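**Q** Sharing a structure with you now.
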Amino acid sequence: MMTGKTALVVSAHSADFVWRAGGAIALHAEQGVALTVVCLSFGERGESAKLWRQDGMTTDRVKTERRREAEAAASALGVADIQFWDLGDYPITLTSTSLLRLVDVYRAIHPAFMLTHSKEDPYNHDHSAVSEFAQGARITAQAHGHNPSQKVIGAPPVLLFEPHQPEQCRWTPNVLLDITNVWDKKRAAIECMAGQEHLWEYYTRVALQRGVQAARNSDRKITYAEGYEAVFPHVVGSLVP
């Protein structure tokens, strides 16, 4: 049953939303939240080595395959809307025109929360650039003077999902999300990403590790979890969990 609530995931490359936020997407989709996933790039240059090892491979073929994988994963997770903006990668090209396009997405769906990349990533500057880009668009979407005919958004929480090497990215999880009940959906989505099969077991181990941490910080039996870093304070009506 749809709740009328929405959420936004801004993914630098077409697989990032699967590894890093697939559990959150599946969980909230089951709760009736309509998820919009914006894939800014296909990751055709820097994240498609397996495809480029095939004879006669071309950029267009890589993009087609990456899109097919991401669409299959989105379907497995229950994504309501997946968009491919094809802005290139290594480096990604983020213009003011693209930022205003994302502002329009914010104002069209009025998300209850937004998920994107860590603020720092010395291994992949696309990720940190997209984090700033997504948060910058949120700020503009709150500005009453920008396209005054549109309804401005409120203050949706921003949660930064886990980078591949969190210590080097100075990313600290302060939100641990139990995804045990939707793990099968996330694993199915992971297995859609055939071009990066080497990451399947890595992100399974990450989910198990975060599950251990989540269980130790609660009184719940948790096997799989995802970690997030909240950018803004959580506003609550009670301190009772």
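Each chain in the structure tokens gets a letter, A, B, ..., in the order shown, and its residues are numbered from 1; ligands are numbered from 1 in order too.
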Need to verify the contact set: Gln142 in chain A, 7 Å, only C-alpha atoms, exclusion of same-chain residues closer than 4 positions in sequence. Can you return it as an mmCIF file with all heavy atoms, in the first residue's frame?

**A**
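Dumped everything to around.cif:
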```
data_model
loop_
_atom_site.group_PDB
_atom_site.id
_atom_site.type_symbol
_atom_site.label_atom_id
_atom_site.label_comp_id
_atom_site.auth_asym_id
_atom_site.auth_seq_id
_atom_site.Cartn_x
_atom_site.Cartn_y
_atom_site.Cartn_z
ATOM 1 N N ARG A 138 19.504 20.379 -2.856
ATOM 2 C CA ARG A 138 18.532 20.430 -1.752
ATOM 3 C C ARG A 138 18.401 21.846 -1.223
ATOM 4 O O ARG A 138 17.292 22.321 -0.946
ATOM 5 C CB ARG A 138 18.979 19.483 -0.637
ATOM 6 C CG ARG A 138 18.111 19.498 0.633
ATOM 7 C CD ARG A 138 18.761 18.610 1.687
ATOM 8 N NE ARG A 138 18.055 18.578 2.964
ATOM 9 C CZ ARG A 138 18.193 19.455 3.937
ATOM 10 N NH1 ARG A 138 19.028 20.491 3.777
ATOM 11 N NH2 ARG A 138 17.528 19.320 5.078
ATOM 12 N N VAL A 152 8.243 25.071 -2.408
ATOM 13 C CA VAL A 152 9.571 24.732 -1.893
ATOM 14 C C VAL A 152 9.477 23.471 -1.029
ATOM 15 O O VAL A 152 8.426 23.145 -0.481
ATOM 16 C CB VAL A 152 10.182 25.887 -1.073
ATOM 17 C CG1 VAL A 152 10.304 27.136 -1.929
ATOM 18 C CG2 VAL A 152 9.370 26.156 0.180
ATOM 19 N N ILE A 153 10.602 22.779 -0.919
ATOM 20 C CA ILE A 153 10.641 21.600 -0.058
ATOM 21 C C ILE A 153 10.894 22.029 1.382
ATOM 22 O O ILE A 153 11.279 23.163 1.649
ATOM 23 C CB ILE A 153 11.721 20.594 -0.507
ATOM 24 C CG1 ILE A 153 13.134 21.167 -0.311
ATOM 25 C CG2 ILE A 153 11.505 20.163 -1.948
ATOM 26 C CD1 ILE A 153 14.241 20.125 -0.472
ATOM 27 N N GLY A 154 10.687 21.100 2.302
ATOM 28 C CA GLY A 154 10.974 21.375 3.705
ATOM 29 C C GLY A 154 12.439 21.094 4.013
ATOM 30 O O GLY A 154 13.332 21.620 3.343
#
```

**Q** Give the alpha helix (DSSP H) residues of range 20-195 of chain A, as assigned by DSSP on the backbone, as a ChimeraX atom specification.

**A** /A:20-30,49-52,59-77,96-109,125-141,166-169,183-190

**Q** For a quick check of understanding, using only C-alpha atoms, which of A:Gln150, A:Gln54, A:Asn174, A:Gln213 has the smallest distance to His110 in chain A?

**A**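 With only C-alpha atoms as the atom set, the closest residue is A:Gln150.
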
**Q** Near Ala21 in chain A, within 12 Å and counting only C-alpha atoms, which residues show up once chain neighbours fewer than 6 positions away are dropped, as a PyMOL selection string?

**A** chain A and resi 7-11+15+27-28+35+37+73-74+77+79+114-117+159-163+176-179+182-183+185-187+189-190+203+206-207+225-228

**Q** With C-alpha atoms kept, could you save the residues just selected as an mmCIF file, in the first residue's frame?

**A**
```cif
data_model
loop_
_atom_site.group_PDB
_atom_site.id
_atom_site.type_symbol
_atom_site.label_atom_id
_atom_site.label_comp_id
_atom_site.auth_asym_id
_atom_site.auth_seq_id
_atom_site.Cartn_x
_atom_site.Cartn_y
_atom_site.Cartn_z
ATOM 1 C CA ALA A 7 12.347 9.346 -0.951
ATOM 2 C CA LEU A 8 15.261 10.276 -3.182
ATOM 3 C CA VAL A 9 18.526 8.435 -3.783
ATOM 4 C CA VAL A 10 21.231 10.273 -5.734
ATOM 5 C CA SER A 11 23.727 7.732 -7.048
ATOM 6 C CA ALA A 15 25.527 0.414 -9.318
ATOM 7 C CA LEU A 27 12.691 -1.716 3.199
ATOM 8 C CA HIS A 28 10.957 1.576 2.528
ATOM 9 C CA LEU A 35 11.620 5.647 -4.210
ATOM 10 C CA VAL A 37 16.729 6.783 -7.831
ATOM 11 C CA ALA A 73 18.287 -4.355 -9.672
ATOM 12 C CA ALA A 74 15.805 -1.495 -9.260
ATOM 13 C CA LEU A 77 14.277 -3.594 -4.835
ATOM 14 C CA VAL A 79 12.091 1.228 -6.999
ATOM 15 C CA MET A 114 17.538 11.764 0.698
ATOM 16 C CA LEU A 115 20.421 9.294 0.450
ATOM 17 C CA THR A 116 23.716 9.981 -1.295
ATOM 18 C CA HIS A 117 27.499 9.569 -1.061
ATOM 19 C CA LEU A 159 21.910 10.386 5.049
ATOM 20 C CA LEU A 160 25.280 9.524 3.527
ATOM 21 C CA PHE A 161 25.701 5.881 2.661
ATOM 22 C CA GLU A 162 28.800 3.817 3.264
ATOM 23 C CA PRO A 163 31.818 4.336 0.994
ATOM 24 C CA LEU A 176 22.395 1.654 11.612
ATOM 25 C CA LEU A 177 19.419 0.395 9.633
ATOM 26 C CA ASP A 178 18.161 -3.164 10.146
ATOM 27 C CA ILE A 179 17.683 -4.699 6.683
ATOM 28 C CA VAL A 182 14.740 -7.451 3.085
ATOM 29 C CA TRP A 183 18.224 -8.915 2.723
ATOM 30 C CA LYS A 185 15.879 -8.540 -2.064
ATOM 31 C CA LYS A 186 19.162 -6.694 -1.682
ATOM 32 C CA ARG A 187 21.162 -9.816 -2.465
ATOM 33 C CA ALA A 189 19.692 -6.847 -6.667
ATOM 34 C CA ILE A 190 23.418 -7.272 -6.008
ATOM 35 C CA TYR A 203 29.040 -6.037 0.297
ATOM 36 C CA VAL A 206 29.702 -5.316 4.994
ATOM 37 C CA ALA A 207 26.014 -5.985 5.687
ATOM 38 C CA ALA A 225 22.262 -3.843 8.396
ATOM 39 C CA GLU A 226 23.366 -0.762 6.475
ATOM 40 C CA GLY A 227 25.268 2.147 7.956
ATOM 41 C CA TYR A 228 24.553 5.814 7.284
#
```

**Q** Could you give me, as a PyMOL selection string, each residue of range 25-75 of chain A that DSSP assigns to strand (DSSP E or B) when run on this structure's backbone?

**A** chain A and resi 34-39

**Q** Can those selected residues be exported to a file as a compact mmCIF listing (two decimals), in the first residue's frame so that it contains N, CA, C and O atoms?

**A**
```txt
# COMPACT_ATOMS: atom_id res chain seq x y z
N ALA A 34 7.49 5.65 -2.11
CA ALA A 34 7.87 5.64 -3.52
C ALA A 34 9.30 6.15 -3.66
O ALA A 34 9.58 7.31 -3.34
N LEU A 35 10.20 5.30 -4.11
CA LEU A 35 11.62 5.65 -4.21
C LEU A 35 11.96 6.14 -5.61
O LEU A 35 11.69 5.45 -6.60
N THR A 36 12.57 7.31 -5.69
CA THR A 36 13.16 7.79 -6.94
C THR A 36 14.67 7.66 -6.83
O THR A 36 15.28 8.16 -5.88
N VAL A 37 15.28 6.95 -7.78
CA VAL A 37 16.73 6.78 -7.83
C VAL A 37 17.25 7.51 -9.06
O VAL A 37 16.84 7.20 -10.19
N VAL A 38 18.14 8.47 -8.86
CA VAL A 38 18.77 9.19 -9.96
C VAL A 38 20.20 8.67 -10.10
O VAL A 38 21.03 8.87 -9.21
N CYS A 39 20.47 7.99 -11.20
CA CYS A 39 21.82 7.53 -11.53
C CYS A 39 22.44 8.57 -12.45
O CYS A 39 22.05 8.69 -13.62
```
